[in-house]
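Content type mmCIF, C-alpha atoms, from the file data_5.cif:
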```cif
data_work
#
loop_
_atom_site.label_atom_id
_atom_site.label_comp_id
_atom_site.auth_asym_id
_atom_site.auth_seq_id
_atom_site.Cartn_x
_atom_site.Cartn_y
_atom_site.Cartn_z
CA MET Q 161 1.62 11.12 -14.47
CA ALA Q 162 3.23 12.80 -11.50
CA LYS Q 163 5.34 10.79 -9.12
CA TYR Q 164 4.98 11.36 -5.41
CA THR Q 165 7.62 10.22 -3.01
CA ALA Q 166 7.82 9.96 0.73
CA PRO Q 167 10.98 9.27 2.66
CA ILE Q 168 11.26 6.01 4.57
CA ASP Q 169 13.81 5.28 7.22
CA GLU Q 170 16.58 2.76 6.77
CA ASP Q 171 14.99 0.18 9.10
CA ILE Q 172 11.78 0.06 7.03
CA ARG Q 173 13.75 -0.12 3.78
CA GLN Q 174 15.73 -3.11 5.05
CA ARG Q 175 12.56 -4.85 6.26
CA ILE Q 176 10.96 -4.41 2.82
CA GLN Q 177 14.08 -5.81 1.14
CA ALA Q 178 14.02 -8.81 3.50
CA LEU Q 179 10.49 -9.87 2.51
CA PRO Q 180 10.26 -13.24 0.75
CA GLY Q 181 10.45 -13.04 -3.04
CA HIS Q 182 6.88 -14.27 -3.60
CA ILE Q 183 5.41 -11.24 -1.80
CA ARG Q 184 4.51 -8.50 -4.24
CA PHE Q 185 4.98 -5.46 -2.04
CA SER Q 186 4.08 -3.00 -4.79
CA ALA Q 187 0.65 -4.63 -5.28
CA PHE Q 188 -0.07 -4.31 -1.56
CA MET Q 189 1.00 -0.67 -1.54
CA ARG Q 190 -1.00 0.17 -4.67
CA LYS Q 191 -4.18 -1.12 -3.03
CA ALA Q 192 -3.44 0.63 0.28
CA ILE Q 193 -2.68 3.96 -1.39
CA THR Q 194 -5.80 3.73 -3.56
CA ALA Q 195 -7.98 3.18 -0.48
CA PHE Q 196 -6.20 5.97 1.39
CA VAL Q 197 -6.68 8.49 -1.45
CA GLU Q 198 -10.35 7.57 -1.92
CA GLU Q 199 -11.04 8.17 1.77
CA LEU Q 200 -9.12 11.46 1.73
CA GLU Q 201 -11.16 12.61 -1.27
CA LYS Q 202 -14.32 11.96 0.75
CA ASN Q 203 -13.01 13.65 3.90
CA PRO Q 204 -9.81 15.75 3.55
CA ASP Q 205 -9.68 16.38 7.32
CA LEU Q 206 -8.59 12.81 8.02
CA ALA Q 207 -5.11 12.15 9.43
CA PRO Q 208 -2.95 9.02 9.29
CA GLU Q 209 -4.17 8.14 12.78
CA ASN Q 210 -7.66 7.65 11.32
CA PHE Q 211 -6.53 4.68 9.21
CA ILE Q 212 -5.92 1.10 10.25
CA ILE Q 213 -4.30 -1.36 7.84
CA THR Q 214 -5.46 -4.93 8.31
CA CYS Q 215 -4.90 -8.20 6.52
CA SER Q 216 -7.69 -10.46 5.33
CA ALA Q 217 -7.68 -14.01 4.02
CA ARG Q 218 -9.51 -13.03 0.84
CA LYS Q 219 -7.46 -13.15 -2.34
CA ASP Q 220 -8.07 -10.63 -5.09
CA ALA Q 221 -8.02 -12.42 -8.45
CA SER Q 222 -7.89 -9.15 -10.39
CA GLU Q 223 -4.16 -8.77 -9.69
CA LYS Q 224 -3.43 -12.17 -11.21
CA LYS Q 225 -5.48 -11.47 -14.33
CA ARG Q 226 -3.56 -8.28 -15.13
CA ARG Q 227 -0.25 -10.07 -15.55
#
```

Rewritten as structure tokens:
Amino acid sequence: MAKYTAPIDEDIRQRIQALPGHIRFSAFMRKAITAFVEELEKNPDLAPENFIITCSARKDASEKKRR
């Protein structure tokens, strides 16, 4: 599997490191990237400005079952 990387600035890196330990940042990013890729597959002309990331109160139990 190929790895794709994107540079992040130092401020964002420090903010990610400062998140509380119980927050699983990688799980959030995996879901966001999956949704982003699916939408780009449907319409490759989209740009980052076309996407809005929101937070909902719903909890996804599938993440907990995988562990």

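Picture a line from atom CA of Q:Glu201 to atom CA of Q:Ile176; it runs 28.2 Å.
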
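If all atoms listed in the file are the atoms counted, then among Q:Ala217, Q:Phe211, Q:Ile168, Q:Arg173 the closest residue to Q:Ala192 is Q:Phe211.
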
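Reported to one decimal place, the separation of atom CA of Q:Tyr164 from atom CA of Q:Ala195 is 16.1 Å.
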
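In this model, the gap between atom CA of Q:Ser186 and atom CA of Q:Asn203 comes to 25.4 Å.
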